[in-house]
>>> print(open('entry-v1.pdb').read())   # PDB, C-alpha atoms
ATOM      1  CA  MET J   1       0.000   0.000   0.000
ATOM      2  CA  SER J   2       2.773   2.432   0.834
ATOM      3  CA  SER J   3       4.045   2.214  -2.747
ATOM      4  CA  ASP J   4       0.812   3.865  -3.866
ATOM      5  CA  VAL J   5       1.571   7.073  -1.964
ATOM      6  CA  GLU J   6       5.355   7.226  -1.695
ATOM      7  CA  PRO J   7       7.556   8.118  -4.679
ATOM      8  CA  PRO J   8       9.978   5.421  -5.825
ATOM      9  CA  VAL J   9      13.365   5.304  -4.112
ATOM     10  CA  SER J  10      15.072   6.519  -7.299
ATOM     11  CA  ALA J  11      12.773   9.553  -7.421
ATOM     12  CA  ARG J  12      13.431  10.392  -3.767
ATOM     13  CA  THR J  13      17.174  10.036  -4.372
ATOM     14  CA  SER J  14      16.934  12.271  -7.426
ATOM     15  CA  GLU J  15      15.022  14.913  -5.435
ATOM     16  CA  ARG J  16      17.633  14.850  -2.678
ATOM     17  CA  GLY J  17      20.402  15.161  -5.245
ATOM     18  CA  ALA J  18      18.703  18.136  -6.882
ATOM     19  CA  ALA J  19      18.190  19.781  -3.484
ATOM     20  CA  THR J  20      21.853  19.262  -2.584
ATOM     21  CA  ARG J  21      22.984  20.669  -5.924
ATOM     22  CA  SER J  22      20.782  23.751  -5.455
ATOM     23  CA  ALA J  23      22.061  24.252  -1.909
ATOM     24  CA  LEU J  24      25.657  24.057  -3.107
ATOM     25  CA  LEU J  25      25.015  26.637  -5.837
ATOM     26  CA  ARG J  26      23.296  29.006  -3.394
ATOM     27  CA  ALA J  27      26.185  28.608  -0.985
ATOM     28  CA  ALA J  28      28.762  29.135  -3.732
ATOM     29  CA  ARG J  29      26.988  32.294  -4.825
ATOM     30  CA  ASP J  30      27.055  33.714  -1.285
ATOM     31  CA  VAL J  31      30.677  32.718  -0.689
ATOM     32  CA  PHE J  32      31.934  34.038  -4.038
ATOM     33  CA  VAL J  33      30.064  37.326  -3.609
ATOM     34  CA  THR J  34      31.412  37.764  -0.073
ATOM     35  CA  LYS J  35      34.984  36.511  -0.408
ATOM     36  CA  GLY J  36      35.644  36.603  -4.146
ATOM     37  CA  PHE J  37      36.455  33.587  -6.261
ATOM     38  CA  ALA J  38      40.183  33.554  -5.563
ATOM     39  CA  GLU J  39      39.788  33.659  -1.775
ATOM     40  CA  ALA J  40      36.840  31.262  -1.580
ATOM     41  CA  GLY J  41      37.475  27.633  -0.795
ATOM     42  CA  VAL J  42      35.540  24.439  -1.368
ATOM     43  CA  THR J  43      35.346  24.012   2.400
ATOM     44  CA  ASP J  44      33.659  27.436   2.681
ATOM     45  CA  VAL J  45      31.011  26.351   0.210
ATOM     46  CA  VAL J  46      30.232  22.972   1.760
ATOM     47  CA  ALA J  47      30.094  24.485   5.243
ATOM     48  CA  LYS J  48      27.630  27.140   4.034
ATOM     49  CA  ALA J  49      25.535  24.496   2.265
ATOM     50  CA  ASP J  50      25.691  22.090   5.226
ATOM     51  CA  ALA J  51      26.942  19.473   2.784
ATOM     52  CA  SER J  52      30.023  17.287   2.405
ATOM     53  CA  VAL J  53      33.044  17.716   0.182
ATOM     54  CA  GLY J  54      32.138  14.399  -1.419
ATOM     55  CA  SER J  55      28.669  15.662  -2.340
ATOM     56  CA  LEU J  56      30.176  18.760  -3.950
ATOM     57  CA  TYR J  57      32.476  16.668  -6.122
ATOM     58  CA  HIS J  58      29.575  14.391  -6.976
ATOM     59  CA  HIS J  59      27.742  17.321  -8.584
ATOM     60  CA  PHE J  60      30.589  19.602  -9.679
ATOM     61  CA  ALA J  61      34.171  19.246 -10.847
ATOM     62  CA  GLY J  62      35.314  21.827  -8.304
ATOM     63  CA  LYS J  63      35.261  25.517  -7.441
ATOM     64  CA  ALA J  64      35.624  26.703 -11.038
ATOM     65  CA  ASP J  65      32.740  24.482 -12.148
ATOM     66  CA  LEU J  66      30.512  26.018  -9.471
ATOM     67  CA  TYR J  67      31.410  29.506 -10.698
ATOM     68  CA  LEU J  68      30.831  28.659 -14.357
ATOM     69  CA  THR J  69      27.520  26.959 -13.556
ATOM     70  CA  LEU J  70      26.338  30.072 -11.718
ATOM     71  CA  PHE J  71      27.369  32.141 -14.748
ATOM     72  CA  GLU J  72      25.638  29.892 -17.279
ATOM     73  CA  GLU J  73      22.425  29.778 -15.245
ATOM     74  CA  PHE J  74      22.457  33.573 -14.887
ATOM     75  CA  GLN J  75      23.000  33.960 -18.624
ATOM     76  CA  ALA J  76      20.144  31.541 -19.325
ATOM     77  CA  ARG J  77      17.815  33.670 -17.192
ATOM     78  CA  GLN J  78      19.027  36.790 -18.983
ATOM     79  CA  ALA J  79      18.433  35.207 -22.383
ATOM     80  CA  GLN J  80      14.910  34.258 -21.355
ATOM     81  CA  ARG J  81      14.226  37.788 -20.103
ATOM     82  CA  THR J  82      15.427  39.414 -23.320
ATOM     83  CA  LYS J  83      13.651  36.962 -25.628
ATOM     84  CA  GLN J  84      10.391  37.457 -23.751
ATOM     85  CA  ALA J  85      10.738  41.249 -23.891
ATOM     86  CA  ALA J  86      11.387  41.188 -27.642
ATOM     87  CA  ARG J  87       8.451  38.815 -28.148
ATOM     88  CA  ASP J  88       6.163  41.028 -26.055
ATOM     89  CA  ALA J  89       7.201  44.121 -28.031
ATOM     90  CA  ARG J  90       6.451  42.438 -31.342
ATOM     91  CA  GLU J  91       3.129  41.067 -30.111
ATOM     92  CA  ALA J  92       2.207  44.594 -29.030
ATOM     93  CA  GLY J  93       2.668  45.666 -32.665
ATOM     94  CA  GLU J  94       6.194  47.093 -32.556
ATOM     95  CA  THR J  95       7.947  46.787 -35.918
ATOM     96  CA  ASP J  96      10.936  49.135 -35.456
ATOM     97  CA  PRO J  97      13.976  46.883 -34.833
ATOM     98  CA  MET J  98      15.626  49.533 -32.654
ATOM     99  CA  ARG J  99      12.622  49.774 -30.344
ATOM    100  CA  VAL J 100      12.504  45.984 -30.091
ATOM    101  CA  PHE J 101      16.228  46.026 -29.282
ATOM    102  CA  VAL J 102      15.719  48.657 -26.570
ATOM    103  CA  SER J 103      12.919  46.586 -25.016
ATOM    104  CA  ALA J 104      15.213  43.561 -24.893
ATOM    105  CA  ALA J 105      18.131  45.639 -23.584
ATOM    106  CA  ARG J 106      15.909  47.063 -20.828
ATOM    107  CA  ALA J 107      14.993  43.528 -19.778
ATOM    108  CA  TYR J 108      18.692  42.616 -19.698
ATOM    109  CA  LEU J 109      19.574  45.618 -17.546
ATOM    110  CA  ASP J 110      16.596  44.962 -15.272
ATOM    111  CA  GLY J 111      17.888  41.429 -14.808
ATOM    112  CA  CYS J 112      21.349  42.737 -13.946
ATOM    113  CA  LEU J 113      19.854  45.066 -11.343
ATOM    114  CA  ALA J 114      17.559  42.372  -9.945
ATOM    115  CA  GLU J 115      20.574  40.070  -9.520
ATOM    116  CA  ARG J 116      23.081  42.833  -8.995
ATOM    117  CA  GLU J 117      25.477  41.023  -6.635
ATOM    118  CA  LEU J 118      25.733  38.081  -9.005
ATOM    119  CA  ALA J 119      26.146  40.295 -12.066
ATOM    120  CA  ALA J 120      28.873  42.269 -10.281
ATOM    121  CA  LEU J 121      30.661  39.033  -9.417
ATOM    122  CA  PHE J 122      31.027  38.154 -13.092
ATOM    123  CA  LEU J 123      32.080  41.670 -14.098
ATOM    124  CA  ARG J 124      34.837  42.301 -11.582
ATOM    125  CA  GLY J 125      37.435  40.047 -13.174
ATOM    126  CA  ASP J 126      37.856  37.716 -10.188
ATOM    127  CA  GLY J 127      36.991  34.435 -11.867
ATOM    128  CA  PRO J 128      38.643  31.143 -12.703
ATOM    129  CA  PRO J 129      41.467  30.981 -15.262
ATOM    130  CA  GLY J 130      40.091  31.378 -18.776
ATOM    131  CA  PHE J 131      36.900  33.124 -17.690
ATOM    132  CA  ASP J 132      37.863  36.176 -19.751
ATOM    133  CA  VAL J 133      37.616  33.958 -22.840
ATOM    134  CA  VAL J 134      34.174  32.786 -21.735
ATOM    135  CA  MET J 135      33.077  36.413 -21.370
ATOM    136  CA  ARG J 136      34.380  37.334 -24.831
ATOM    137  CA  ASP J 137      32.595  34.374 -26.364
ATOM    138  CA  ARG J 138      29.379  35.385 -24.611
ATOM    139  CA  LEU J 139      29.721  38.932 -25.942
ATOM    140  CA  ARG J 140      30.021  37.551 -29.484
ATOM    141  CA  THR J 141      26.926  35.418 -28.894
ATOM    142  CA  TRP J 142      25.072  38.501 -27.655
ATOM    143  CA  ALA J 143      26.146  40.415 -30.776
ATOM    144  CA  ARG J 144      24.819  37.616 -33.022
ATOM    145  CA  ARG J 145      21.478  37.691 -31.214
ATOM    146  CA  ASN J 146      21.331  41.452 -31.591
ATOM    147  CA  ALA J 147      22.181  41.166 -35.300
ATOM    148  CA  ALA J 148      19.127  38.961 -35.813
ATOM    149  CA  LEU J 149      16.937  41.983 -35.044
ATOM    150  CA  PHE J 150      18.386  44.108 -37.845
ATOM    151  CA  ASP J 151      18.999  43.939 -41.580
ATOM    152  CA  GLU J 152      22.167  42.216 -42.759
ATOM    153  CA  ASP J 153      23.711  45.500 -43.926
ATOM    154  CA  GLN J 154      23.567  46.994 -40.411
ATOM    155  CA  ASN J 155      26.506  45.107 -38.900
ATOM    156  CA  ALA J 156      28.309  48.296 -37.905
ATOM    157  CA  LEU J 157      25.269  49.433 -35.947
ATOM    158  CA  VAL J 158      25.101  46.082 -34.168
ATOM    159  CA  VAL J 159      28.785  46.327 -33.184
ATOM    160  CA  VAL J 160      28.251  49.832 -31.780
ATOM    161  CA  LEU J 161      25.088  48.848 -29.917
ATOM    162  CA  THR J 162      26.598  45.732 -28.387
ATOM    163  CA  GLY J 163      29.781  47.519 -27.335
ATOM    164  CA  ALA J 164      27.886  50.466 -25.874
ATOM    165  CA  LEU J 165      25.567  48.239 -23.863
ATOM    166  CA  ALA J 166      28.428  46.050 -22.646
ATOM    167  CA  GLY J 167      30.222  49.111 -21.309
ATOM    168  CA  ALA J 168      27.066  50.522 -19.781
ATOM    169  CA  VAL J 169      26.220  47.257 -18.005
ATOM    170  CA  SER J 170      29.385  47.459 -15.910
ATOM    171  CA  GLU J 171      28.705  51.014 -14.734
ATOM    172  CA  ILE J 172      25.010  50.391 -14.115
ATOM    173  CA  VAL J 173      25.682  47.227 -12.098
ATOM    174  CA  GLN J 174      28.350  48.935 -10.007
ATOM    175  CA  SER J 175      26.180  51.975  -9.285
ATOM    176  CA  GLY J 176      22.796  50.262  -9.101
ATOM    177  CA  ASP J 177      21.442  53.397 -10.780
ATOM    178  CA  ARG J 178      18.187  52.580 -12.579
ATOM    179  CA  LYS J 179      17.869  56.139 -13.892
ATOM    180  CA  LEU J 180      21.275  55.776 -15.541
ATOM    181  CA  ALA J 181      20.009  52.604 -17.202
ATOM    182  CA  GLU J 182      16.992  54.457 -18.604
ATOM    183  CA  ASP J 183      19.161  57.375 -19.759
ATOM    184  CA  VAL J 184      21.486  54.967 -21.576
ATOM    185  CA  LEU J 185      18.546  53.230 -23.243
ATOM    186  CA  GLU J 186      17.082  56.579 -24.311
ATOM    187  CA  ILE J 187      20.365  57.518 -26.007
ATOM    188  CA  VAL J 188      20.800  54.085 -27.578
ATOM    189  CA  GLY J 189      17.256  54.256 -28.921
ATOM    190  CA  ARG J 190      18.187  57.325 -30.992
ATOM    191  CA  LEU J 191      20.950  55.509 -32.885
ATOM    192  CA  ARG J 192      20.284  54.635 -36.497
ATOM    193  CA  PRO J 193      22.471  53.320 -39.316
ATOM    194  CA  ALA J 194      24.165  55.933 -41.485
ATOM    195  CA  GLY J 195      21.806  57.159 -44.191
ATOM    196  CA  SER J 196      18.710  55.918 -42.401
ATOM    197  CA  ALA J 197      15.612  57.891 -43.282
ATOM    198  CA  THR J 198      14.554  57.805 -39.649
ATOM    199  CA  GLY J 199      17.938  58.964 -38.320
ATOM    200  CA  ALA J 200      18.838  62.505 -37.393
ATOM    201  CA  THR J 201      19.794  64.758 -40.301
ATOM    202  CA  SER J 202      23.024  66.729 -40.268
ATOM    203  CA  GLY J 203      23.521  70.487 -40.271
TER     204      GLY J 203
END
>>> encode(input="entry-v1.pdb", output="structure tokens")
Amino acid sequence: MSSDVEPPVSARTSERGAATRSALLRAARDVFVTKGFAEAGVTDVVAKADASVGSLYHHFAGKADLYLTLFEEFQARQAQRTKQAARDAREAGETDPMRVFVSAARAYLDGCLAERELAALFLRGDGPPGFDVVMRDRLRTWARRNAALFDEDQNALVVVLTGALAGAVSEIVQSGDRKLAEDVLEIVGRLRPAGSATGATSG
């Protein structure tokens, strides 16, 4: 009879494993934010998570793997936020690629501010060896996603937009200034490719 109401042993084990993994990631986040990656130790993480060193190495390859997993999960949430914002803008009838881009960029900045401590962790340069390469690769991925919003002949605009937003993210995360984020988006929203009929005219 008990088998009718209790989950199978494998399911209970899986749930415990998932709970332990989540606890380790939460602990790693707190430890990395507080101490920095370089100064944090595996023992700090397992103590914070009330777990064992063995359980950490069951789920992760080590300290760097914890850091990179936190980064990838944050980036996945950011991608979901920006995709949803772009989708919402289009469904509301927006057809101007720049306005769609600004909606997505606002969602990205909102996500950075909502998870400011985590975003700051990834921006301050205190990561595992090779993380700078990971960041550059992610910037290129972001540029490709941005390019999908615009015509193929607007690559220069995409480069400028992506670079401008990347620089602004660092300052906005450090300051926590939401007004600065809106001011940046207002300026970015005025940019248009050279020769665009909707761009500002000269002199």
>>> residues_around(input="entry-v1.pdb", residues="Ala107 in chain J", least_positions_apart="2", cutoff="7 Å", atoms="only C-alpha atoms", output="list in words")
Arg81, Thr82, Ala85, Ser103, Ala104, Ala105, Leu109, Asp110 and Gly111 of chain J
>>> resolve_selection(input="entry-v1.pdb", expression="the PyMOL selection byres ((chain J and resi 48) around 10)", output="count of residues only")
16
>>> atom_distance(input="entry-v1.pdb", atom1="CA of Leu165 in chain J", atom2="CA of Val184 in chain J")
8.2 Å
>>> resolve_selection(input="entry-v1.pdb", expression="the PyMOL selection byres ((chain J and resi 86-101) around 12)", output="ChimeraX atom specification")
/J:79-85,102-108,142-143,145-151,154,157-158,161-162,165,185-193,198-199
>>> residues_around(input="entry-v1.pdb", residues="range 116-119 of chain J", least_positions_apart="6", cutoff="12 Å", atoms="all atoms listed in the file", output="ChimeraX atom specification")
/J:25-26,28-34,36-37,67-68,70-75,77-78,108-110,125,169-178
>>> axis_aligned_box(input="entry-v1.pdb", around="range 60-71 of chain J", padding_each_side="5 Å", output="AutoDock Vina command-line options")
--center_x 31.0 --center_y 25.7 --center_z -11.1 --size_x 19.3 --size_y 22.9 --size_z 17.3
>>> closest_residue(input="entry-v1.pdb", among="J:Leu180, J:Leu139, J:Ala61, J:Leu121", to="Ala166 in chain J", atoms="all atoms listed in the file")
J:Leu139
>>> atom_distance(input="entry-v1.pdb", atom1="CA of Asn155 in chain J", atom2="CA of Thr141 in chain J")
13.9 Å
>>> residues_around(input="entry-v1.pdb", residues="Phe131 in chain J", least_positions_apart="3", cutoff="10 Å", atoms="only C-alpha atoms", output="compact mmCIF listing (two decimals) with C-alpha atoms, keeping the file's coordinate frame")
# COMPACT_ATOMS: atom_id res chain seq x y z
CA ALA J 64 35.62 26.70 -11.04
CA TYR J 67 31.41 29.51 -10.70
CA LEU J 68 30.83 28.66 -14.36
CA PHE J 122 31.03 38.15 -13.09
CA GLY J 125 37.44 40.05 -13.17
CA ASP J 126 37.86 37.72 -10.19
CA GLY J 127 36.99 34.44 -11.87
CA PRO J 128 38.64 31.14 -12.70
CA VAL J 134 34.17 32.79 -21.74
CA MET J 135 33.08 36.41 -21.37
CA ARG J 136 34.38 37.33 -24.83
CA ASP J 137 32.60 34.37 -26.36
>>> atom_distance(input="entry-v1.pdb", atom1="CA of Val53 in chain J", atom2="CA of Glu115 in chain J")
27.4 Å
